[in-house]
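This is upload_19.txt (compact mmCIF, C-alpha atoms).
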# COMPACT_ATOMS: atom_id res chain seq x y z
CA MET A 1 -12.80 159.19 -151.42
CA THR A 2 -14.58 159.69 -154.68
CA ARG A 3 -14.05 156.74 -156.96
CA ARG A 4 -13.60 157.31 -160.64
CA GLU A 5 -14.23 155.35 -163.75
CA VAL A 6 -11.18 154.69 -165.87
CA GLU A 7 -10.69 153.13 -169.25
CA VAL A 8 -7.17 152.07 -170.11
CA GLU A 9 -5.92 150.33 -173.21
CA ILE A 10 -3.53 147.63 -172.09
CA ASN A 11 -1.72 145.58 -174.73
CA GLY A 12 -4.48 146.36 -177.25
CA GLY A 13 -7.43 145.46 -175.00
CA ILE A 14 -9.63 147.87 -173.06
CA VAL A 15 -9.76 147.57 -169.27
CA ARG A 16 -12.63 149.50 -167.67
CA ARG A 17 -12.90 149.79 -163.88
CA THR A 18 -14.10 152.11 -161.15
CA VAL A 19 -11.17 152.78 -158.85
CA GLU A 20 -9.95 154.93 -155.99
CA PRO A 21 -7.73 157.78 -157.22
CA ARG A 22 -4.90 156.48 -155.05
CA LEU A 23 -4.71 153.13 -156.84
CA LEU A 24 -1.26 152.90 -158.39
CA LEU A 25 -1.05 151.99 -162.05
CA SER A 26 1.20 149.06 -161.10
CA ASP A 27 -1.56 147.64 -158.88
CA PHE A 28 -4.20 148.35 -161.52
CA ILE A 29 -2.20 146.33 -164.03
CA ARG A 30 -1.62 143.43 -161.63
CA HIS A 31 -4.85 143.28 -159.63
CA GLU A 32 -7.47 144.67 -162.00
CA ALA A 33 -6.10 143.74 -165.42
CA ARG A 34 -4.61 140.56 -163.92
CA LEU A 35 -1.38 140.97 -165.80
CA THR A 36 1.24 139.87 -163.31
CA GLY A 37 4.25 140.12 -165.60
CA THR A 38 4.77 143.68 -164.34
CA HIS A 39 6.65 143.28 -161.07
CA VAL A 40 6.55 145.55 -158.06
CA GLY A 41 9.89 145.95 -156.31
CA CYS A 42 10.56 149.07 -154.30
CA GLU A 43 7.30 150.91 -155.01
CA HIS A 44 8.97 154.29 -154.78
CA GLY A 45 10.54 154.78 -158.15
CA VAL A 46 14.04 153.44 -157.60
CA CYS A 47 14.28 149.86 -158.83
CA GLY A 48 12.57 150.03 -162.24
CA ALA A 49 10.97 146.56 -161.95
CA CYS A 50 7.50 148.01 -162.60
CA THR A 51 8.49 149.81 -165.82
CA VAL A 52 5.78 149.76 -168.49
CA GLN A 53 5.30 151.85 -171.61
CA LEU A 54 2.84 154.74 -171.50
CA ASP A 55 1.97 155.79 -175.04
CA GLY A 56 5.21 154.12 -176.12
CA GLU A 57 7.53 155.62 -173.51
CA PRO A 58 9.00 153.71 -170.57
CA VAL A 59 7.68 154.99 -167.24
CA ARG A 60 7.58 153.67 -163.68
CA SER A 61 4.06 152.38 -163.10
CA CYS A 62 4.42 152.70 -159.30
CA LEU A 63 4.70 156.49 -159.71
CA LEU A 64 1.50 156.85 -161.70
CA PHE A 65 -2.07 156.54 -160.59
CA ALA A 66 -4.45 154.41 -162.61
CA VAL A 67 -6.72 157.44 -163.05
CA GLN A 68 -3.85 159.18 -164.86
CA ALA A 69 -3.78 156.40 -167.46
CA ASN A 70 -7.41 157.03 -168.35
CA GLY A 71 -7.70 157.08 -172.15
CA ARG A 72 -4.01 156.23 -172.55
CA ARG A 73 -2.21 153.26 -174.05
CA ILE A 74 -0.19 150.94 -171.81
CA ARG A 75 2.13 148.19 -172.92
CA THR A 76 3.43 145.56 -170.53
CA VAL A 77 5.88 142.70 -170.86
CA GLU A 78 3.03 140.38 -171.89
CA ALA A 79 2.89 142.26 -175.21
CA LEU A 80 6.43 141.40 -176.25
CA ALA A 81 6.16 137.76 -177.33
CA GLY A 82 4.40 136.85 -180.58
CA PRO A 83 0.95 135.23 -180.77
CA GLY A 84 2.44 131.74 -180.82
CA GLY A 85 4.61 132.50 -177.80
CA GLU A 86 7.74 133.11 -179.87
CA LEU A 87 10.07 135.36 -177.94
CA HIS A 88 10.73 138.96 -178.94
CA PRO A 89 14.33 139.28 -180.22
CA LEU A 90 15.25 141.13 -177.03
CA GLN A 91 13.79 138.35 -174.88
CA GLN A 92 15.58 135.77 -177.00
CA ALA A 93 18.85 137.64 -176.54
CA PHE A 94 18.32 137.81 -172.75
CA HIS A 95 17.74 134.05 -172.79
CA GLU A 96 20.82 133.25 -174.87
CA THR A 97 23.26 135.53 -173.04
CA HIS A 98 22.06 134.54 -169.56
CA ALA A 99 20.96 138.11 -168.87
CA LEU A 100 18.69 136.99 -166.06
CA GLN A 101 18.84 134.65 -163.14
CA CYS A 102 15.80 134.97 -160.88
CA GLY A 103 13.99 137.07 -163.47
CA PHE A 104 12.27 139.44 -161.08
CA CYS A 105 13.77 142.57 -162.63
CA THR A 106 13.57 141.30 -166.22
CA PRO A 107 10.15 142.64 -167.25
CA GLY A 108 11.24 146.14 -166.25
CA PHE A 109 14.50 145.83 -168.17
CA LEU A 110 12.67 144.57 -171.25
CA MET A 111 10.11 147.37 -171.28
CA THR A 112 12.85 149.97 -170.77
CA LEU A 113 15.14 148.53 -173.40
CA GLU A 114 12.69 147.54 -176.13
CA PRO A 115 12.28 151.07 -177.58
CA PHE A 116 15.97 151.74 -176.97
CA VAL A 117 17.03 148.71 -179.02
CA ARG A 118 14.47 149.49 -181.70
CA ASP A 119 15.83 153.03 -182.13
CA ALA A 120 19.53 152.17 -181.69
CA ASP A 121 22.05 152.15 -184.49
CA PRO A 122 24.20 149.04 -183.89
CA ALA A 123 27.13 150.67 -185.74
CA THR A 124 27.46 153.40 -183.11
CA LEU A 125 26.00 151.60 -180.09
CA ASP A 126 28.69 151.58 -177.42
CA GLU A 127 28.68 150.05 -173.97
CA ALA A 128 28.49 153.39 -172.15
CA THR A 129 25.30 154.30 -174.02
CA ILE A 130 23.74 150.93 -173.21
CA ARG A 131 24.69 151.21 -169.55
CA GLU A 132 23.16 154.65 -169.37
CA ALA A 133 19.96 153.36 -170.99
CA LEU A 134 19.54 150.64 -168.37
CA ALA A 135 20.74 152.68 -165.39
CA GLY A 136 17.19 153.10 -164.11
CA ASN A 137 16.72 149.37 -163.63
CA LEU A 138 18.32 147.40 -160.82
CA CYS A 139 19.34 143.74 -161.09
CA ARG A 140 20.61 142.00 -157.96
CA CYS A 141 21.46 138.55 -159.40
CA THR A 142 23.57 138.84 -162.49
CA GLY A 143 25.27 142.15 -162.54
CA TYR A 144 24.86 144.00 -165.78
CA GLN A 145 27.53 142.44 -168.00
CA ASN A 146 25.22 139.94 -169.63
CA ILE A 147 22.36 142.38 -169.91
CA VAL A 148 24.68 144.68 -171.89
CA LYS A 149 25.57 141.69 -174.08
CA ALA A 150 21.90 140.92 -174.63
CA VAL A 151 21.23 144.47 -175.77
CA GLN A 152 24.14 144.32 -178.21
CA LEU A 153 22.98 140.97 -179.59
CA ALA A 154 19.36 142.09 -179.92
CA ALA A 155 20.37 145.35 -181.62
CA GLU A 156 22.48 143.45 -184.16
CA ARG A 157 19.66 141.05 -184.94
CA ILE A 158 16.85 143.60 -185.08
CA HIS A 159 18.84 145.87 -187.38
CA ALA A 160 20.46 143.12 -189.47
CA MET B 161 4.04 151.61 -149.52
CA LYS B 162 0.61 152.56 -150.81
CA PRO B 163 -0.44 156.20 -150.92
CA PRO B 164 -2.96 157.44 -148.36
CA PRO B 165 -6.44 158.34 -149.67
CA PHE B 166 -6.91 161.73 -151.29
CA GLU B 167 -9.48 163.64 -153.30
CA TYR B 168 -8.47 164.04 -156.89
CA ASP B 169 -9.08 166.72 -159.49
CA ASP B 170 -7.72 166.81 -163.01
CA PRO B 171 -8.46 170.24 -164.44
CA GLY B 172 -8.09 170.74 -168.17
CA THR B 173 -7.11 174.41 -168.17
CA VAL B 174 -4.98 176.80 -166.12
CA GLU B 175 -8.12 178.73 -165.15
CA GLU B 176 -9.72 175.61 -163.71
CA ALA B 177 -6.52 174.68 -161.90
CA LEU B 178 -6.27 178.16 -160.37
CA ALA B 179 -9.91 178.05 -159.26
CA LEU B 180 -9.29 174.71 -157.54
CA LEU B 181 -6.13 176.06 -155.90
CA ALA B 182 -8.01 179.15 -154.72
CA GLU B 183 -10.62 176.91 -153.11
CA HIS B 184 -8.44 174.11 -151.75
CA GLY B 185 -4.85 175.45 -151.86
CA ASP B 186 -4.11 174.98 -148.16
CA ASP B 187 -5.05 171.30 -148.22
CA ALA B 188 -3.96 170.46 -151.76
CA LYS B 189 -0.76 169.56 -153.57
CA VAL B 190 -0.23 170.07 -157.28
CA LEU B 191 0.64 166.81 -159.02
CA ALA B 192 2.75 167.21 -162.16
CA GLY B 193 5.11 164.41 -163.24
CA GLY B 194 4.89 162.88 -159.77
CA GLN B 195 8.47 161.62 -159.75
CA SER B 196 9.12 163.24 -156.36
CA LEU B 197 5.61 163.63 -154.96
CA VAL B 198 4.39 160.06 -155.53
CA PRO B 199 7.33 158.46 -153.67
CA LEU B 200 6.55 160.82 -150.77
CA LEU B 201 2.92 159.69 -150.91
CA ASN B 202 3.87 156.02 -151.15
CA PHE B 203 6.04 156.44 -148.06
CA ARG B 204 3.22 158.46 -146.48
CA LEU B 205 5.66 161.24 -145.77
CA ALA B 206 3.14 163.51 -147.47
CA ARG B 207 -0.61 163.25 -146.81
CA PRO B 208 -2.36 165.99 -148.74
CA GLU B 209 -6.14 165.90 -148.62
CA ARG B 210 -6.36 166.61 -152.31
CA LEU B 211 -4.23 166.29 -155.40
CA ILE B 212 -4.72 168.73 -158.25
CA ASP B 213 -3.31 166.87 -161.22
CA VAL B 214 -2.15 169.31 -163.92
CA ASN B 215 -1.12 166.67 -166.45
CA ASN B 216 -4.15 167.43 -168.61
CA VAL B 217 -3.45 171.16 -168.70
CA GLY B 218 -2.10 170.96 -172.23
CA GLU B 219 -1.67 174.72 -172.51
CA LEU B 220 1.32 174.44 -170.14
CA ASP B 221 3.17 172.05 -172.45
CA TYR B 222 5.16 174.26 -174.83
CA LEU B 223 8.70 175.25 -175.77
CA ARG B 224 9.03 178.60 -177.56
CA VAL B 225 12.09 180.52 -178.64
CA GLY B 226 11.65 184.19 -179.51
CA ASP B 227 12.07 187.77 -178.27
CA GLY B 228 15.39 186.92 -176.68
CA ALA B 229 14.07 184.14 -174.48
CA LEU B 230 13.30 180.45 -174.32
CA ARG B 231 9.90 179.98 -172.74
CA ILE B 232 9.29 176.62 -171.12
CA GLY B 233 5.76 175.71 -170.12
CA ALA B 234 5.76 174.22 -166.63
CA LEU B 235 4.41 170.89 -167.90
CA VAL B 236 7.22 170.22 -170.39
CA ARG B 237 8.71 166.80 -169.64
CA HIS B 238 12.43 166.44 -169.07
CA SER B 239 12.66 164.15 -172.08
CA ALA B 240 11.01 166.78 -174.33
CA LEU B 241 13.55 169.35 -173.17
CA GLU B 242 16.33 166.80 -173.75
CA ARG B 243 15.18 165.97 -177.28
CA SER B 244 14.49 169.51 -178.47
CA ASP B 245 17.08 170.65 -181.02
CA GLU B 246 15.69 174.16 -180.69
CA VAL B 247 16.54 174.14 -176.97
CA ALA B 248 19.98 172.66 -177.65
CA ALA B 249 20.72 175.46 -180.13
CA ALA B 250 19.29 178.29 -178.04
CA VAL B 251 20.38 177.25 -174.52
CA PRO B 252 22.85 174.37 -174.81
CA LEU B 253 23.41 174.37 -171.05
CA LEU B 254 19.89 172.97 -170.60
CA ARG B 255 20.43 169.91 -172.77
CA GLU B 256 23.71 169.22 -171.03
CA THR B 257 22.02 169.56 -167.64
CA VAL B 258 18.82 167.62 -168.22
CA ARG B 259 20.73 164.46 -169.14
CA PHE B 260 21.84 164.23 -165.52
CA VAL B 261 18.27 164.11 -164.24
CA GLY B 262 17.39 160.65 -162.95
CA HIS B 263 16.91 157.96 -165.58
CA VAL B 264 15.03 157.71 -168.84
CA GLN B 265 11.83 156.54 -167.12
CA ILE B 266 11.97 159.54 -164.78
CA ARG B 267 12.74 162.01 -167.57
CA ASN B 268 9.82 160.68 -169.61
CA ARG B 269 7.44 161.65 -166.87
CA GLY B 270 9.07 164.35 -164.72
CA THR B 271 8.37 167.97 -165.64
CA VAL B 272 10.53 171.07 -165.67
CA GLY B 273 8.00 173.00 -163.60
CA GLY B 274 7.72 170.16 -161.10
CA SER B 275 11.46 170.02 -160.60
CA ILE B 276 11.60 173.78 -159.98
CA ALA B 277 8.58 173.84 -157.63
CA HIS B 278 9.89 170.84 -155.66
CA ALA B 279 13.03 172.90 -154.95
CA ASP B 280 15.36 170.07 -154.05
CA PRO B 281 18.84 171.60 -153.64
CA ALA B 282 20.29 168.41 -155.17
CA ALA B 283 18.19 168.77 -158.34
CA GLU B 284 19.90 169.81 -161.54
CA LEU B 285 17.43 172.08 -163.33
CA PRO B 286 16.98 174.64 -160.53
CA VAL B 287 20.76 175.11 -160.51
CA ALA B 288 20.96 175.57 -164.27
CA MET B 289 18.02 177.99 -164.13
CA ALA B 290 19.75 179.99 -161.39
CA ALA B 291 22.88 180.27 -163.55
CA LEU B 292 20.77 181.32 -166.53
CA ASP B 293 18.96 184.10 -164.60
CA ALA B 294 15.66 182.41 -165.42
CA ARG B 295 12.43 184.16 -164.48
CA PHE B 296 9.60 182.14 -163.05
CA HIS B 297 6.03 183.02 -163.99
CA VAL B 298 3.60 182.30 -161.22
CA ARG B 299 -0.17 182.58 -161.47
CA SER B 300 -3.09 182.50 -159.11
CA SER B 301 -6.70 183.61 -159.35
CA ARG B 302 -5.38 186.88 -157.84
CA GLY B 303 -3.06 187.58 -160.76
CA GLU B 304 0.41 186.86 -162.08
CA ARG B 305 3.88 187.63 -160.79
CA VAL B 306 7.35 186.96 -162.10
CA VAL B 307 10.22 186.13 -159.75
CA GLY B 308 13.88 185.23 -160.05
CA ALA B 309 15.64 182.25 -158.49
CA ASP B 310 16.78 184.26 -155.44
CA GLU B 311 13.18 185.08 -154.64
CA LEU B 312 11.65 181.72 -155.57
CA PHE B 313 13.91 179.31 -153.70
CA VAL B 314 13.52 179.79 -149.96
CA THR B 315 15.11 176.70 -148.45
CA HIS B 316 15.24 172.91 -148.76
CA LEU B 317 12.05 171.77 -150.62
CA THR B 318 10.48 175.17 -150.03
CA THR B 319 9.63 177.96 -152.47
CA SER B 320 7.90 181.28 -152.05
CA LEU B 321 4.87 179.94 -153.95
CA GLU B 322 1.66 180.64 -152.02
CA PRO B 323 -0.80 177.75 -151.57
CA ASP B 324 -3.07 179.17 -154.29
CA GLU B 325 -0.27 179.79 -156.79
CA LEU B 326 0.84 177.70 -159.75
CA LEU B 327 4.19 177.91 -161.51
CA THR B 328 3.22 178.22 -165.19
CA GLU B 329 6.32 179.18 -167.13
CA ILE B 330 10.07 179.33 -166.90
CA GLU B 331 11.46 182.14 -169.02
CA VAL B 332 15.14 181.71 -169.83
CA PRO B 333 16.92 184.73 -171.33
CA LEU B 334 18.96 183.47 -174.28
CA PRO B 335 22.69 183.58 -173.56
CA GLU B 336 24.47 185.90 -175.97
CA PRO B 337 26.23 184.27 -178.91
CA GLY B 338 29.69 183.10 -177.93
CA THR B 339 28.73 182.16 -174.37
CA GLY B 340 30.49 179.02 -173.16
CA TRP B 341 28.60 176.67 -170.87
CA ALA B 342 29.13 173.62 -168.68
CA PHE B 343 27.19 171.52 -166.23
CA VAL B 344 29.15 169.02 -164.15
CA GLU B 345 28.19 166.93 -161.15
CA PHE B 346 29.36 163.94 -159.18
CA ALA B 347 27.04 161.15 -158.03
CA ARG B 348 27.96 157.76 -156.58
CA ARG B 349 25.92 156.02 -159.26
CA HIS B 350 24.57 157.38 -162.50
CA GLY B 351 21.17 158.98 -161.92
CA ASP B 352 21.54 159.20 -158.15
CA PHE B 353 21.21 162.51 -156.39
CA ALA B 354 24.50 164.30 -156.89
CA LEU B 355 26.83 165.01 -153.98
CA GLY B 356 27.76 168.25 -155.66
CA GLY B 357 27.44 170.00 -158.98
CA VAL B 358 28.07 173.24 -160.83
CA ALA B 359 26.51 175.10 -163.74
CA ALA B 360 28.69 177.74 -165.38
CA LEU B 361 28.31 180.27 -168.20
CA LEU B 362 31.23 182.38 -169.46
CA ARG B 363 31.64 184.90 -172.22
CA LEU B 364 34.91 186.44 -173.41
CA ASP B 365 35.66 189.80 -174.96
CA ASP B 366 37.87 190.01 -178.07
CA ARG B 367 41.02 190.08 -175.91
CA GLY B 368 40.00 186.79 -174.36
CA HIS B 369 39.09 188.35 -171.03
CA CYS B 370 35.93 187.35 -169.21
CA GLU B 371 33.08 189.80 -169.69
CA ARG B 372 30.31 187.71 -168.20
CA ALA B 373 30.36 184.90 -165.67
CA ALA B 374 27.58 182.99 -163.97
CA ILE B 375 28.27 180.15 -161.57
CA ALA B 376 25.56 178.25 -159.68
CA LEU B 377 26.20 175.48 -157.17
CA LEU B 378 24.25 172.26 -156.51
CA SER B 379 23.96 170.68 -153.05
CA ALA B 380 26.08 173.47 -151.61
CA ALA B 381 23.28 175.04 -149.57
CA PRO B 382 19.55 174.57 -148.86
CA THR B 383 18.83 176.29 -152.20
CA PRO B 384 20.69 176.64 -155.49
CA VAL B 385 23.28 179.38 -154.89
CA ARG B 386 25.10 181.76 -157.20
CA ALA B 387 28.80 182.24 -156.50
CA ARG B 388 28.62 186.02 -156.89
CA GLU B 389 32.07 186.77 -155.50
CA ALA B 390 33.72 184.33 -157.87
CA GLU B 391 31.71 185.74 -160.78
CA GLY B 392 32.88 189.27 -159.92
CA PHE B 393 36.46 188.09 -159.59
CA LEU B 394 36.43 186.59 -163.09
CA LEU B 395 35.30 189.78 -164.83
CA GLY B 396 38.11 191.34 -166.85
CA ARG B 397 40.49 188.45 -166.26
CA PRO B 398 41.83 185.95 -168.79
CA LEU B 399 40.37 182.49 -168.31
CA ASP B 400 43.38 180.35 -167.53
CA GLU B 401 44.05 177.63 -165.01
CA GLN B 402 45.23 179.99 -162.31
CA THR B 403 42.16 182.22 -162.61
CA GLY B 404 39.90 179.15 -162.55
CA ARG B 405 41.56 177.87 -159.40
CA GLU B 406 41.20 181.18 -157.59
CA ALA B 407 37.59 181.60 -158.72
CA ALA B 408 36.72 178.08 -157.52
CA ALA B 409 38.26 178.80 -154.11
CA LEU B 410 36.16 181.97 -153.89
CA ALA B 411 33.03 180.12 -155.00
CA VAL B 412 33.18 177.75 -152.04
CA ALA B 413 34.60 180.19 -149.48
CA ASP B 414 31.24 180.78 -147.83
CA ILE B 415 29.37 177.52 -148.41
CA ARG B 416 28.72 174.93 -145.74
CA PRO B 417 27.24 171.91 -147.48
CA SER B 418 25.46 169.56 -145.12
CA GLY B 419 27.13 166.20 -144.67
CA ASP B 420 25.42 162.83 -144.61
CA ILE B 421 26.18 159.13 -144.96
CA HIS B 422 27.22 159.68 -148.60
CA GLY B 423 29.78 162.38 -147.92
CA SER B 424 30.88 164.67 -145.10
CA SER B 425 30.54 168.42 -145.30
CA GLU B 426 34.31 168.77 -145.79
CA TYR B 427 34.27 166.23 -148.59
CA ARG B 428 31.45 168.00 -150.39
CA HIS B 429 33.18 171.33 -149.93
CA GLY B 430 36.29 170.01 -151.67
CA LEU B 431 34.21 168.25 -154.29
CA ILE B 432 32.27 171.38 -155.23
CA GLU B 433 35.49 173.37 -155.44
CA ALA B 434 36.99 170.80 -157.81
CA LEU B 435 33.80 170.65 -159.87
CA THR B 436 33.78 174.46 -160.12
CA ARG B 437 37.33 174.36 -161.55
CA ARG B 438 36.22 171.75 -164.09
CA ALA B 439 33.05 173.60 -165.05
CA LEU B 440 34.95 176.87 -165.54
CA SER B 441 37.58 175.16 -167.64
CA ALA B 442 34.98 173.43 -169.85
CA ALA B 443 32.90 176.59 -170.23
CA ALA B 444 36.03 178.60 -171.05
CA ASP B 445 37.04 176.11 -173.74
CA ARG B 446 33.62 176.41 -175.34
CA ALA B 447 33.68 180.21 -175.11
CA LYS B 448 37.11 180.23 -176.77
CA GLU B 449 35.88 177.92 -179.53
CA ALA B 450 32.97 180.26 -180.17
CA ALA B 451 35.13 183.41 -180.11

Transcribe the structure of this file into structure tokens.
Amino acid sequence: MTRREVEVEINGGIVRRTVEPRLLLSDFIRHEARLTGTHVGCEHGVCGACTVQLDGEPVRSCLLFAVQANGRRIRTVEALAGPGGELHPLQQAFHETHALQCGFCTPGFLMTLEPFVRDADPATLDEATIREALAGNLCRCTGYQNIVKAVQLAAERIHA
Amino acid sequence: MKPPPFEYDDPGTVEEALALLAEHGDDAKVLAGGQSLVPLLNFRLARPERLIDVNNVGELDYLRVGDGALRIGALVRHSALERSDEVAAAVPLLRETVRFVGHVQIRNRGTVGGSIAHADPAAELPVAMAALDARFHVRSSRGERVVGADELFVTHLTTSLEPDELLTEIEVPLPEPGTGWAFVEFARRHGDFALGGVAALLRLDDRGHCERAAIALLSAAPTPVRAREAEGFLLGRPLDEQTGREAAALAVADIRPSGDIHGSSEYRHGLIEALTRRALSAAADRAKEAA
């Protein structure tokens, strides 16, 4: 199969590779860019663990090919923390409310919820809206109660 | 869980896409948002020799309201449809419907044209489009044709699109002012494929009697289906609870939904009847508000 050259901006850096068209973006991120924070769960678009942001919007990276990200901007969980390793307010809130146990699903939750929390108005943010926002991500350890709490806490802090 | 090898083209224009389809149509699949096709590839349930990726065909990414219709380019993402205030004002049924499609990650990537061309009878947009009498613009290097839902949807995951044809536009006639609308469905978990669903449009005359009714059913048959008998029954009648109940019974009189592990055929039959009652009641309330 004809290989193609791709150039993808990931977390501000350029990653240039020649790849098979069938290479999934999730595998490109993990195996070529060597960013293993993006986790691969079901690999057919159900679990949400591989969620990254494509030009700012959460998408499932297992349902995209790396060639489709050519010239586009990708953000992964590694981009959330500050330069000194200080946690993003959403990560901090996950930590404080015990919104993770094994942590496998967490990167996907964070990349889904980061733009949601940023754009949310804490005054009108109700639980049903939060639950709908995270419905595309599965967590098998904690249930969702504490994840909802983390979103509420992060929204309050970010918009304080 | 990795896709099989394929040749890959990413045309930048409709003309280029049609030329590729004319050459390779029999062995190729069109890749749009990929939210249904890529899982099938990852499972290796589909093994096309070639993918023709239309994501760079920017000319198919438009929403236009004018001349009595909303025109949706086939590449419009679900999330763009969801966010458009122009769409919400012109065809409110579509905003109500698109929110039931998958999850935010899926709506950010999935396209309206892809959902129609995939023709899953459990998908929401084909059902809403059937209720809205949408017209589907289809192009190939041989020319263009325009078909309605009855002609487009053939059976489960099958349309009347020829291998060299590309769905380019969905033209939705604007409902007349005062039309009430509703989309309802039931799924075990939010974002899952629905076990049943209904799209309804109703308009009342100045006596409060129904002068237009459209009812389309989800997961009731291998394609979206219009409940024509129930629609005919409603015409000229006041929209009250009794009428709604009788119309819902008529709507499901001839359907035989297929049963599976998530719900038997009988269960789905009853579910769709109940959802039809609810959709009619909600659409009637909105039509009355507008009157």

Using all atoms listed in the file, find the residues of chain A whose closest atom to chain B is at most 10 Å away, then write them as JSON, numbers by chain. {"A": [1, 2, 3, 4, 20, 21, 22, 23, 24, 27, 42, 43, 44, 45, 46, 48, 51, 52, 53, 54, 57, 58, 59, 60, 61, 62, 63, 64, 65, 67, 68, 112, 131, 132, 133, 134, 135, 136, 137]}

Which centre and edge lengths in Å to one decimal define the box along x, y and z that fits every listed atom of segment 109-127 of chain A plus 6 Å per side, as AutoDock Vina command-line options?
--center_x 19.4 --center_y 149.0 --center_z -177.0 --size_x 30.6 --size_y 20.8 --size_z 29.6

Compare B:Leu361, B:Ala248, B:Val298, B:Leu241 by their minimum atom-to-atom distance to Leu285 of chain B, counting all atoms listed in the file, and give me the closest one. B:Leu241

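The shortest atom-to-atom distance to Lys448 of chain B, with all atoms listed in the file taken into account, belongs to B:Asp365 out of B:Glu433, B:Asp365, B:Glu406, B:Asp221.
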
Å distance separating atom CA of Ala123 of chain A from atom CA of Phe346 of chain B, one decimal place: 29.8 Å
